[in-house]
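Report on the structure given below.
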Amino acid sequence: MSSTAAQAAPRLVPRLLQAPAVVTLFLWMIVPLVMTLYFSTIRYNLMQPDQSGFIGLANYEFFITDPSFGTAVVNTLLLIGSVIAISVVGGVALALLVNEPFPGRGIVRMLLISPFFVMPTVNALMWKHMMMNPIYGVFAQIAQFFGATPVDFMADWPMTAVVIMVSWQWLPFACLIFITALQSLDREQMEAARMDGATWFAQLRYLVLPHLARPVAVVVMIEMIFLLSVFAEIFTTTGGGPGDASTNVAFLIFKQALLNFDAGVASAGALFAVLLANIVAIFLVRLIGKSLDK
Amino acid sequence: MAFLQLQGIHKRFGPVHTIKGVDLTIERGEFVVFVGPSGCGKSTLLRLIAGLERIDEGRLVLDGRDITDVPSSQRDLAMVFQSYALYPHMTVEDNMSFALRLAKADPAEIRQKVGRAAEILNLGAYLKRLPKELSGGQRQRVAIGRAIVRSPKVFLFDEPLSNLDAALRGQTRVEIAKLHRELGATTIYVTHDQVEAMTLADRVVVLKDGLIEQVGSPLELYDRPANRFVAQFIGTPQMNVVPLEQTPTLVRSEAPAGAAGGSVGLRPESIVVQPAGSTPVEASVELIEALGAETLVYVRTSAGAQFAARQNSRSTLRPGERVSLTLDTRQAHWFDTAGRVVPGRAAA
Amino acid sequence: MAFLQLQGIHKRFGPVHTIKGVDLTIERGEFVVFVGPSGCGKSTLLRLIAGLERIDEGRLVLDGRDITDVPSSQRDLAMVFQSYALYPHMTVEDNMSFALRLAKADPAEIRQKVGRAAEILNLGAYLKRLPKELSGGQRQRVAIGRAIVRSPKVFLFDEPLSNLDAALRGQTRVEIAKLHRELGATTIYVTHDQVEAMTLADRVVVLKDGLIEQVGSPLELYDRPANRFVAQFIGTPQMNVVPLEQTPTLVRSEAPAGAAGGSVGLRPESIVVQPAGSTPVEASVELIEALGAETLVYVRTSAGAQFAARQNSRSTLRPGERVSLTLDTRQAHWFDTAGRVVPGRAAA
Amino acid sequence: ATELVIATVNNGHMIEMQKLAKNFEAANPDIKLKWVTLEEGVLRQRVTTDIATKGGQFDIMTIGMYEAPIWGKKGWLQELKTDAAYDVDDLLPAIRNGLSIDGKLFAAPFYGESSMLMYRKDLADKAGVTVGDKPTWDQIADLAKKIHNPKDGVYGICLRGKPGWGDNMAFLSTLVNTYGGQWFDMSWKPQIDSKPWKDAITFYVDLLKNYGPPGSAGNSFNEILSLYNAGKCGMWIDATIAASFITDPKQSKVADKVAFANAPTKATPKGANWLWSWNLAIPAGSKKAAEAQKFIQWATSKDYIQLVAKTNGWANVPTGTRKSTYASPEFQKAAKFAAAEKAAIDSANPNDSTLPKSPYVGVQFAAIPEFQAIGLAVGQQMSAALSGKSTVDAALKASQATADREMKKAGYYK
Amino acid sequence: MSTRPVPFDWLQALRTVAAWLVSLLYVFPLIFLFVTAFKTELQAIEVPTLWFFTPTLEAFHEVQERSDYLLFAKNSIITSVGSTLLGLLLAAPAAYAMAFFPTQRTKDVLMWMLSTKFMPAVGALVPVYVMAQKTHLLDSTLGLTIVFALSNLPIMVWMLYSHFKEIPHEILEAARMDGAGLWGEFRHVLVPLGMGGLASTGLLCLVLSWNEAFWSLNLSAANAGTLAALIASYSSPEGLFWAKLSAASLMAIAPIVVFGWFSQKQLVQGLTFGAVK
Ligand SMILES: Nc1ncnc2c1ncn2[C@@H]1O[C@H](COP(=O)(O)OP(=O)(O)OP(=O)(O)O)[C@@H](O)[C@H]1O
Ligand SMILES: Nc1ncnc2c1ncn2[C@@H]1O[C@H](COP(=O)(O)OP(=O)(O)OP(=O)(O)O)[C@@H](O)[C@H]1O
Ligand SMILES: [Mg+2]
Ligand SMILES: [Mg+2]
């Protein structure tokens, strides 16, 4: 019997243990946040520091009325949704595949998680040129080998291409977490289930997946954060196009911050992203939150 | 025809040879109890039967079918694990109904069966709890409940009542017996509790170090142990086994020839403690254990032999007091130097 | 002066009120045994004393010092967990020596203490194994070993022998008693085993539903239970408690006034089964349990009352046979309608 | 020793300079050079943030022709005062103009480029077409059709399509220019929905759709360079710097089969080829201005060009900056493209690059801060049109709207 | 000892083949990258892809000659190892407290921590740049270490929290009873049992710091740049760069991949069997 709630140890200790993390994070959050809030209400273009002054919500208005804004929000959600779905499902599948011992398991496991070690820029360039290029990319070569017309990913399926690249990178992360989590699954429970007549699938459904609930929650939340701010991959591959087909909110902010150098609008955009993230997070917490405090 | 056959079963864990060749035949509907010292291989044997461990050597035949390599989930056995192995994320109810749900049983039937098991096991109030919110005994009961809601071919119980209080243990024991009578399912039951072994078993299997020492009905084992180990293992407090040379001449004179240099075994009830001087066997009291209805008196003779005597009344003796003993050799067991039973003179 | 004082202790797990106000005073060096039905709060009480759970209400005083909020690690207690809680990554040896190593004990001393504990517990051969490579009983022994290598102020044992075989259990029980005598450490011991409770305890605390029912020496509880619950809880097989109206007039006539409408309790040894017709109390045999040295006969009178009788010989009776009973009312316990004990006429 | 932190772009000439800077350090033992080499886009972000927040991390910055006038006007750069040996008059006038404000030089050109046509002589010959020195777009379209042969892996023409103001819009601006269009009229109104734009873009989309390689919407300089070097492009109009790569047998399979011509024209030759240079400049706040100046003079001097020539051969000197380079007979001999390049650069005039009068400086860009964002947004629309995600009309309309939005926000007009 | 031969396990064979196949396919792009690094630039753009060729180290030479790989590698190691250690130092106690001494607010604190990462880095560039400048941490490995540690902190807390939750309470309680204080509990029980979690969290942080390009690029100049910044000088220069980029990438990811190999053992520990019943 384990207590989850209170412990006899004074409550001060746990608080002290949390304090360094909480305090530093608070500072790390609050200073930029306040500055961003301030910037978002003034005219502040790095290229024109001479023109400044309070302009109310004009920056927000400008950001939100961007013709690509709607597409960007949709694309952001699409990217988050599909990459999370792919990496959770794929990650669980792969983790299960390599959970039981087999010859070379260590190597396979290492291979599987290594894409996560690749820098996003390299990843993007590699996929764009070596894999997806419609003339000399590997996919094109395969397609030509089978006599099919190569797909022009960047032009015809820009979001799909981005999703593939980003998933390729993040699936191994999920996989890594799941592999580790599977290690703590109690063997005797599985045995009990087998005795109860559970097939492999039933064991998966009723024991393994519930056991993975918390890691899944962690993966979903962490990936959400990183996916929310993906822009490097988009910038290097599609440049947000064609049109705004692969523009997401982060890219929109990036455009304002580092192409237009408009810190004011970028700040407004960043705060909008915070808002969006909160909405998504609340939604996700609804979905997965319960598994956290099990 | 034999229902479950274990043929020359061996099991090794790396260098540790745990089961060293077990042959056993169990009839359909039989209730077999495994007993043996801690670590002798009872759980391992159960797990081999359950298919949770690979049999290294030997064959396992169930109902005429070789199941040595059949996966657990297809053997139709129910097992109560010594360590419970509850599903931590499922409520008590879900834990118990899991197998039935897997088998796609009718929900009404599931509810009824789980309800019945919960009632038997006094778990009614805890159906919605998670295992971590239960006491040790409650967890154990859930583990039992999980097995008994099913109607498998074979029940495997691994010390299922060890964490229950006497009253509940008695009650649950009766329920298990009843269940066995009703379902007629072949049952293998591991226990350290003599009462359970004696009352539940059709046959008791005594294991030691991965080998079967003796198989027989409870009273057979009690009355005619094959060797010193079984003699001492069955019955509490255990049989007094004393080297012949430490026994009074009176006893020694009755020993059969084969027991020369061996020892004699006397159950505590064969020893009567009497006021000092009343018999030639002098002893001093070492310890008194008053158990309520009975009293155990531990004495040591002048020859250095230690005896536990069982008495059905309270005792006014004090440790250190001098007493005399009457040893009832009619019920003595004789052992040769190797510990094997030697028939007494009367029998010979 | 009281060594350990529990003052009005309460514990709630969310909505579940588990300990409902426990007051208890334990003397230095005392051996106190907690008994009670599964789920009554024994482990919780132990865990509260150990400081593993927060005390919701009440105070805990050790040796004159309020330790209600002192962290476990500073209380100098050793505990055997009901669930073992071994360190899975440490060998048996490391598990046992952990506390000593933490306390920076001398390595030679550690080796010696661990060696001694391993010997007592028959663990010598397993020192280099990991917990997962042990049998259930072996694991339990490691858990015991971990506690006894230390010399704490207070020992807490939570059903430490439940998974051991009778022989080893007896042996370990003796060792625990010896340890207690040698170290004189205050000991709190939870068990479901009557023999352990009777033989080890200076005082037994009977718990029920988070409350203390009675505290007293083992024989006090056996002979003078405060109520029906304690009467039935202490002693195996349990006391026969029968509503007065189902008892023969002979018995009824002896009942004290206070017991009117209540019930009478008779221990199994107070009931003698005799050939049919020899006494006016007619009954039929329901079940025979031959335990070796003794036999339990379960009978039902024509009035519908059920009795278990203990007999020190084998029985030739068969279920269904008609018998007569002699009820020894001199040792009867009388209970009023609320289950409280009512003194018998003799006493009154 | 004084440490100079120099931010440079990662192209070949700059990297060569890094290697040769050992000589400078040897000659100036009291100066130590530290390099930050970045890809073009990142470099621009990096130096802009730094200069705008006065971070002061760089003593010398590599900036483009786009930034130089903007920053110079804002006073973010120190004026370069050169000595006689530097011979500032030797700089190509087009380039020098682009880097000066009111006659004051704010950045020294390290190398410059324009755009031109690079075509496969062998294929043109096979098709029986001779390409003149000054081709028109109609001729180009015709030739593209003739040499387009995807079955053999040869595409008629490769042009930039990847969105970005320095990517597809660099090329498209010149195309629009020669069609007679412009970015903004004299009142800063965007002109993207005008007829020249529509004609130019329609032509561009059709051309690439019919005779371009698949995936054009993702192609920029590097992608096309790979294609061209692998022999997959019949023609390519892009930066003159490409010439040195595609004629290098170590990199190119078609090194001996290429020929050069001026960038094609349509309605006007004005602005048909772009003008770009990478330049070294000193941020206003730098405390090591003297040393920085010294280095810049060294790196952009005639002597440096000689040094490169000596070390790596004349074919590899940084071009597009000095008249003297083109005058050198060794260079003319070594670089097939020398004449074409000089002509292209000379013909470009950032101050007068459109048929109608324009208020902005720059051939393929408008040197105003807002241009980057507008350029990217329009670039995205163009690539959408190219990939068929939207029509040319819709793309132009959307572009016009975006540009209008940006210009309004920036306060050019209400 | 005539132990029964283990029968051929088709499932096992299938799993082995499938796992190898899937993983090889999955890392195919990386294999491609690896191969390309040993080509000349011209070979690198050959279609169809060349699989048999004389490998050359030309690209690696070029990379080494062009940039001080060792400086960048050193910075990468300092910042990523430093930030991982700093992060673990801050995160582990917090996660421990949250996992084993939860209060009603624990979940909120967790969510809040995560929410500090909601602000896109690009949006916070100017504030952070200014902060770094004011504290003189621009272009210093210390500055980058702190920034990396702080931006990874929420994630580390989350991951550690989730891993610690898997450890049975009783084991920690047993240690407490054995007289282990906070540190003892942590050192002797939590660390060995949570090794898998700690290792994977550490590895994650290491990788994230190693690959972190945005801050690394923007907050460094000549001194503190990490390999991610180095890569920025190899992506899309003018001219062919495939082999060089591949070589540089390979050099950039090699240390971390090799490190990953070594941490394998820690990642796969599953130790709680048989501890409690
Ligand atoms: N975490 C918890 N949440 C809710 N209820 C709990 C929790 N822990 C214990 N309980 C309940 O408290 C009661 C007392 O539990 P405890 O473990 O003390 O019983 P016990 O006397 O040790 O029983 P046993 O003999 O079965 O071990 C039980 O009914 C149990 O279900
Ligand atoms: N995985 C393992 N590796 C090594 N030895 C093992 C392993 N599992 C069990 N053993 C050993 O095998 C022997 C038999 O174990 P088993 O669990 O069958 O004993 P048991 O009879 O059930 O004992 P108990 O009554 O204590 O539960 C023990 O000595 C044990 O130490
Ligand atoms: Mg066992
Ligand atoms: Mg308990």
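Residues in the structure tokens are numbered from 1 in each chain, the chains being A, B, ... in the order shown, and ligands are numbered from 1 in the order shown.
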Would you mind listing the residues within 9 Å of ligand 3, counting only C-alpha atoms and all ligand atoms, as a PDB file with all heavy atoms, in the first residue's frame?
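Produced file out-v9.pdb, reproduced below:
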```pdb
ATOM      1  N   SER B  38      10.520 -23.275   2.182  1.00  0.00           N
ATOM      2  CA  SER B  38      10.646 -22.096   1.344  1.00  0.00           C
ATOM      3  C   SER B  38      11.816 -22.277   0.376  1.00  0.00           C
ATOM      4  O   SER B  38      12.906 -22.658   0.782  1.00  0.00           O
ATOM      5  CB  SER B  38      10.891 -20.893   2.242  1.00  0.00           C
ATOM      6  OG  SER B  38      11.251 -19.786   1.482  1.00  0.00           O
ATOM      7  N   GLY B  39      11.562 -22.010  -0.903  1.00  0.00           N
ATOM      8  CA  GLY B  39      12.623 -22.108  -1.889  1.00  0.00           C
ATOM      9  C   GLY B  39      12.810 -23.489  -2.476  1.00  0.00           C
ATOM     10  O   GLY B  39      13.751 -23.717  -3.226  1.00  0.00           O
ATOM     11  N   CYS B  40      11.893 -24.422  -2.178  1.00  0.00           N
ATOM     12  CA  CYS B  40      12.098 -25.784  -2.661  1.00  0.00           C
ATOM     13  C   CYS B  40      11.633 -25.941  -4.106  1.00  0.00           C
ATOM     14  O   CYS B  40      11.922 -26.941  -4.738  1.00  0.00           O
ATOM     15  CB  CYS B  40      11.369 -26.778  -1.777  1.00  0.00           C
ATOM     16  SG  CYS B  40       9.582 -26.621  -1.914  1.00  0.00           S
ATOM     17  N   GLY B  41      10.905 -24.973  -4.619  1.00  0.00           N
ATOM     18  CA  GLY B  41      10.500 -25.052  -6.014  1.00  0.00           C
ATOM     19  C   GLY B  41       9.003 -25.172  -6.239  1.00  0.00           C
ATOM     20  O   GLY B  41       8.575 -25.483  -7.349  1.00  0.00           O
ATOM     21  N   LYS B  42       8.225 -24.887  -5.238  1.00  0.00           N
ATOM     22  CA  LYS B  42       6.776 -25.006  -5.389  1.00  0.00           C
ATOM     23  C   LYS B  42       6.244 -24.016  -6.417  1.00  0.00           C
ATOM     24  O   LYS B  42       5.541 -24.395  -7.355  1.00  0.00           O
ATOM     25  CB  LYS B  42       6.081 -24.743  -4.039  1.00  0.00           C
ATOM     26  CG  LYS B  42       6.525 -25.653  -2.927  1.00  0.00           C
ATOM     27  CD  LYS B  42       5.834 -25.328  -1.617  1.00  0.00           C
ATOM     28  CE  LYS B  42       6.182 -23.960  -1.041  1.00  0.00           C
ATOM     29  NZ  LYS B  42       7.591 -23.779  -0.664  1.00  0.00           N
ATOM     30  N   SER B  43       6.614 -22.773  -6.223  1.00  0.00           N
ATOM     31  CA  SER B  43       6.113 -21.760  -7.163  1.00  0.00           C
ATOM     32  C   SER B  43       6.624 -22.043  -8.561  1.00  0.00           C
ATOM     33  O   SER B  43       5.895 -21.900  -9.543  1.00  0.00           O
ATOM     34  CB  SER B  43       6.566 -20.369  -6.739  1.00  0.00           C
ATOM     35  OG  SER B  43       6.063 -20.060  -5.475  1.00  0.00           O
ATOM     36  N   THR B  44       7.867 -22.430  -8.644  1.00  0.00           N
ATOM     37  CA  THR B  44       8.427 -22.715  -9.960  1.00  0.00           C
ATOM     38  C   THR B  44       7.643 -23.817 -10.649  1.00  0.00           C
ATOM     39  O   THR B  44       7.316 -23.724 -11.835  1.00  0.00           O
ATOM     40  CB  THR B  44       9.908 -23.112  -9.828  1.00  0.00           C
ATOM     41  OG1 THR B  44      10.578 -22.102  -9.091  1.00  0.00           O
ATOM     42  CG2 THR B  44      10.550 -23.268 -11.179  1.00  0.00           C
ATOM     43  N   LEU B  46       4.584 -24.645 -10.182  1.00  0.00           N
ATOM     44  CA  LEU B  46       3.297 -24.091 -10.571  1.00  0.00           C
ATOM     45  C   LEU B  46       3.447 -23.268 -11.853  1.00  0.00           C
ATOM     46  O   LEU B  46       2.616 -23.351 -12.759  1.00  0.00           O
ATOM     47  CB  LEU B  46       2.797 -23.182  -9.437  1.00  0.00           C
ATOM     48  CG  LEU B  46       1.405 -23.459  -8.895  1.00  0.00           C
ATOM     49  CD1 LEU B  46       1.232 -24.918  -8.556  1.00  0.00           C
ATOM     50  CD2 LEU B  46       1.126 -22.603  -7.678  1.00  0.00           C
ATOM     51  N   PHE B  81      -1.275 -15.694  -7.989  1.00  0.00           N
ATOM     52  CA  PHE B  81       0.162 -15.527  -7.843  1.00  0.00           C
ATOM     53  C   PHE B  81       0.539 -15.268  -6.393  1.00  0.00           C
ATOM     54  O   PHE B  81      -0.159 -14.572  -5.673  1.00  0.00           O
ATOM     55  CB  PHE B  81       0.653 -14.350  -8.682  1.00  0.00           C
ATOM     56  CG  PHE B  81       0.677 -14.622 -10.142  1.00  0.00           C
ATOM     57  CD1 PHE B  81      -0.498 -14.733 -10.869  1.00  0.00           C
ATOM     58  CD2 PHE B  81       1.872 -14.780 -10.819  1.00  0.00           C
ATOM     59  CE1 PHE B  81      -0.484 -14.992 -12.211  1.00  0.00           C
ATOM     60  CE2 PHE B  81       1.905 -15.037 -12.177  1.00  0.00           C
ATOM     61  CZ  PHE B  81       0.718 -15.148 -12.874  1.00  0.00           C
ATOM     62  N   GLN B  82       1.685 -15.818  -6.019  1.00  0.00           N
ATOM     63  CA  GLN B  82       2.185 -15.563  -4.672  1.00  0.00           C
ATOM     64  C   GLN B  82       2.365 -14.057  -4.447  1.00  0.00           C
ATOM     65  O   GLN B  82       2.115 -13.551  -3.374  1.00  0.00           O
ATOM     66  CB  GLN B  82       3.520 -16.295  -4.488  1.00  0.00           C
ATOM     67  CG  GLN B  82       4.035 -16.272  -3.072  1.00  0.00           C
ATOM     68  CD  GLN B  82       5.229 -17.194  -2.883  1.00  0.00           C
ATOM     69  OE1 GLN B  82       5.793 -17.699  -3.848  1.00  0.00           O
ATOM     70  NE2 GLN B  82       5.601 -17.433  -1.637  1.00  0.00           N
ATOM     71  N   SER B  83       2.776 -13.379  -5.506  1.00  0.00           N
ATOM     72  CA  SER B  83       2.974 -11.933  -5.372  1.00  0.00           C
ATOM     73  C   SER B  83       1.767 -11.151  -5.886  1.00  0.00           C
ATOM     74  O   SER B  83       1.885  -9.983  -6.206  1.00  0.00           O
ATOM     75  CB  SER B  83       4.217 -11.525  -6.139  1.00  0.00           C
ATOM     76  OG  SER B  83       4.073 -11.907  -7.481  1.00  0.00           O
ATOM     77  N   ASP B 158      -1.123 -20.205  -5.362  1.00  0.00           N
ATOM     78  CA  ASP B 158       0.201 -20.134  -4.749  1.00  0.00           C
ATOM     79  C   ASP B 158       0.097 -19.364  -3.432  1.00  0.00           C
ATOM     80  O   ASP B 158       0.076 -18.138  -3.421  1.00  0.00           O
ATOM     81  CB  ASP B 158       1.183 -19.452  -5.704  1.00  0.00           C
ATOM     82  CG  ASP B 158       2.630 -19.765  -5.340  1.00  0.00           C
ATOM     83  OD1 ASP B 158       2.854 -20.318  -4.250  1.00  0.00           O
ATOM     84  OD2 ASP B 158       3.521 -19.458  -6.154  1.00  0.00           O
ATOM     85  N   GLU B 159       0.023 -20.101  -2.345  1.00  0.00           N
ATOM     86  CA  GLU B 159      -0.124 -19.522  -1.013  1.00  0.00           C
ATOM     87  C   GLU B 159      -1.182 -18.431  -0.983  1.00  0.00           C
ATOM     88  O   GLU B 159      -0.904 -17.285  -0.627  1.00  0.00           O
ATOM     89  CB  GLU B 159       1.237 -18.972  -0.535  1.00  0.00           C
ATOM     90  CG  GLU B 159       2.295 -20.047  -0.572  1.00  0.00           C
ATOM     91  CD  GLU B 159       3.598 -19.626   0.084  1.00  0.00           C
ATOM     92  OE1 GLU B 159       3.577 -18.758   0.951  1.00  0.00           O
ATOM     93  OE2 GLU B 159       4.633 -20.227  -0.263  1.00  0.00           O
ATOM     94  N   VAL B 190      -0.575 -24.457  -3.355  1.00  0.00           N
ATOM     95  CA  VAL B 190       0.662 -24.395  -2.588  1.00  0.00           C
ATOM     96  C   VAL B 190       0.362 -23.719  -1.265  1.00  0.00           C
ATOM     97  O   VAL B 190      -0.304 -22.682  -1.233  1.00  0.00           O
ATOM     98  CB  VAL B 190       1.730 -23.572  -3.342  1.00  0.00           C
ATOM     99  CG1 VAL B 190       2.943 -23.354  -2.459  1.00  0.00           C
ATOM    100  CG2 VAL B 190       2.124 -24.259  -4.630  1.00  0.00           C
ATOM    101  N   THR B 191       0.813 -24.295  -0.183  1.00  0.00           N
ATOM    102  CA  THR B 191       0.573 -23.649   1.099  1.00  0.00           C
ATOM    103  C   THR B 191       1.657 -24.010   2.094  1.00  0.00           C
ATOM    104  O   THR B 191       2.348 -25.006   1.955  1.00  0.00           O
ATOM    105  CB  THR B 191      -0.795 -24.021   1.674  1.00  0.00           C
ATOM    106  OG1 THR B 191      -1.008 -23.254   2.852  1.00  0.00           O
ATOM    107  CG2 THR B 191      -0.857 -25.496   2.029  1.00  0.00           C
TER     108      THR B 191
ATOM    109  N   LEU C 134      14.686 -14.752  -6.357  1.00  0.00           N
ATOM    110  CA  LEU C 134      14.383 -15.467  -5.114  1.00  0.00           C
ATOM    111  C   LEU C 134      12.945 -15.954  -5.108  1.00  0.00           C
ATOM    112  O   LEU C 134      12.086 -15.418  -5.794  1.00  0.00           O
ATOM    113  CB  LEU C 134      14.592 -14.532  -3.919  1.00  0.00           C
ATOM    114  CG  LEU C 134      16.012 -14.018  -3.701  1.00  0.00           C
ATOM    115  CD1 LEU C 134      16.019 -13.065  -2.522  1.00  0.00           C
ATOM    116  CD2 LEU C 134      16.983 -15.166  -3.477  1.00  0.00           C
ATOM    117  N   SER C 135      12.702 -16.958  -4.280  1.00  0.00           N
ATOM    118  CA  SER C 135      11.324 -17.403  -4.087  1.00  0.00           C
ATOM    119  C   SER C 135      10.631 -16.451  -3.133  1.00  0.00           C
ATOM    120  O   SER C 135      11.273 -15.615  -2.483  1.00  0.00           O
ATOM    121  CB  SER C 135      11.316 -18.810  -3.506  1.00  0.00           C
ATOM    122  OG  SER C 135      11.580 -18.769  -2.124  1.00  0.00           O
ATOM    123  N   GLY C 136       9.321 -16.570  -3.055  1.00  0.00           N
ATOM    124  CA  GLY C 136       8.551 -15.674  -2.209  1.00  0.00           C
ATOM    125  C   GLY C 136       9.036 -15.676  -0.764  1.00  0.00           C
ATOM    126  O   GLY C 136       9.241 -14.623  -0.157  1.00  0.00           O
ATOM    127  N   GLY C 137       9.238 -16.856  -0.232  1.00  0.00           N
ATOM    128  CA  GLY C 137       9.668 -16.951   1.160  1.00  0.00           C
ATOM    129  C   GLY C 137      11.064 -16.384   1.352  1.00  0.00           C
ATOM    130  O   GLY C 137      11.359 -15.745   2.366  1.00  0.00           O
ATOM    131  N   GLN C 138      11.903 -16.602   0.360  1.00  0.00           N
ATOM    132  CA  GLN C 138      13.263 -16.073   0.451  1.00  0.00           C
ATOM    133  C   GLN C 138      13.238 -14.548   0.468  1.00  0.00           C
ATOM    134  O   GLN C 138      13.952 -13.902   1.230  1.00  0.00           O
ATOM    135  CB  GLN C 138      14.113 -16.595  -0.708  1.00  0.00           C
ATOM    136  CG  GLN C 138      14.471 -18.074  -0.533  1.00  0.00           C
ATOM    137  CD  GLN C 138      14.892 -18.742  -1.835  1.00  0.00           C
ATOM    138  OE1 GLN C 138      14.707 -18.207  -2.921  1.00  0.00           O
ATOM    139  NE2 GLN C 138      15.433 -19.942  -1.720  1.00  0.00           N
ATOM    140  N   ASN C 163       4.917 -15.973   4.540  1.00  0.00           N
ATOM    141  CA  ASN C 163       5.226 -16.832   3.408  1.00  0.00           C
ATOM    142  C   ASN C 163       6.244 -17.921   3.717  1.00  0.00           C
ATOM    143  O   ASN C 163       6.869 -18.465   2.820  1.00  0.00           O
ATOM    144  CB  ASN C 163       5.713 -15.990   2.227  1.00  0.00           C
ATOM    145  CG  ASN C 163       4.556 -15.393   1.456  1.00  0.00           C
ATOM    146  OD1 ASN C 163       4.199 -14.254   1.645  1.00  0.00           O
ATOM    147  ND2 ASN C 163       3.936 -16.202   0.623  1.00  0.00           N
TER     148      ASN C 163
END
```
Could you work out which residues of chain C fall inside 9 Å of chain A? Count only C-alpha atoms, and format the result as a list in words. Phe13, Gly14, Ser43, Thr44, Leu48, Gly51, Leu52, Glu53, Arg54, Ile55, Thr68, Asp69, Val70, Pro71, Ser72, Gln82 and Ser83 of chain C
Would you kindly report the residues of chain E within 10 Å of chain D, using only C-alpha atoms, as number ranges by chain? E: 40-47, 65-68, 125-126, 129-130, 132-134, 138-139, 214, 217-223, 225, 229-242
Distance-based interface of chain C with chain E, 10 Å, counting only C-alpha atoms, as a VMD selection string: chain C and resid 47 50 to 53 71 to 90 95 to 103 130 to 136 139 to 140 143 146 to 147 150 152
Within 10 Å of Ala335 of chain D, counting only C-alpha atoms, which residues show up once you throw out same-chain ones fewer than 4 positions away? Write them as a ChimeraX atom specification, please. /D:243-244,247,314-317,326,329-331,339,341
Looking at C:Leu161, C:Ala166, C:Ile176, C:Leu207, which one is nearest to ligand 1, with distances taken over only C-alpha atoms and all ligand atoms?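 Closest to ligand 1 of all the choices is C:Leu207.
Using only C-alpha atoms and all ligand atoms for every distance, the candidate list C:Ala293, C:Val92, C:Ala332, C:Leu250 yields C:Val92 as the residue closest to ligand 2.
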I need the contact residues of chain A against chain E, so if you could list those with any atom within 6 Å, counting only C-alpha atoms, and return them as a list of chain:residue names, that would help. A:Ser2, A:Pro14, A:Leu17, A:Gln18, A:Ala21, A:Met29, A:Pro32, A:Phe102, A:Leu112, A:Phe117, A:Met119, A:Tyr136, A:Thr180, A:Gln183, A:Ser184, A:Ser229, A:Phe254, A:Ala266, A:Ser267, A:Ala270, A:Val274, A:Ala277
Just write the chosen residues, C-alpha atoms, as a short mmCIF file (atom, residue, chain, number, x, y, z; two decimals), in the first residue's frame.
```
data_model
loop_
_atom_site.label_atom_id
_atom_site.label_comp_id
_atom_site.auth_asym_id
_atom_site.auth_seq_id
_atom_site.Cartn_x
_atom_site.Cartn_y
_atom_site.Cartn_z
CA SER A 2 1.47 3.25 -0.98
CA PRO A 14 9.45 19.08 -1.10
CA LEU A 17 13.38 20.87 -3.62
CA GLN A 18 11.10 22.42 -6.17
CA ALA A 21 13.55 24.95 -10.66
CA MET A 29 9.67 33.34 -18.16
CA PRO A 32 10.89 38.09 -21.63
CA PHE A 102 16.50 -10.39 -30.43
CA LEU A 112 15.89 3.89 -34.46
CA PHE A 117 20.15 13.41 -33.02
CA MET A 119 19.95 18.83 -36.35
CA TYR A 136 17.44 13.30 -58.17
CA THR A 180 12.32 3.26 -21.46
CA GLN A 183 11.16 -1.46 -19.10
CA SER A 184 9.24 -0.77 -15.94
CA SER A 229 7.52 26.52 -32.82
CA PHE A 254 9.61 34.30 -37.87
CA ALA A 266 6.52 39.57 -33.78
CA SER A 267 5.83 40.09 -30.09
CA ALA A 270 4.41 35.41 -30.02
CA VAL A 274 1.14 31.57 -26.26
CA ALA A 277 -0.62 26.93 -27.10
#
```
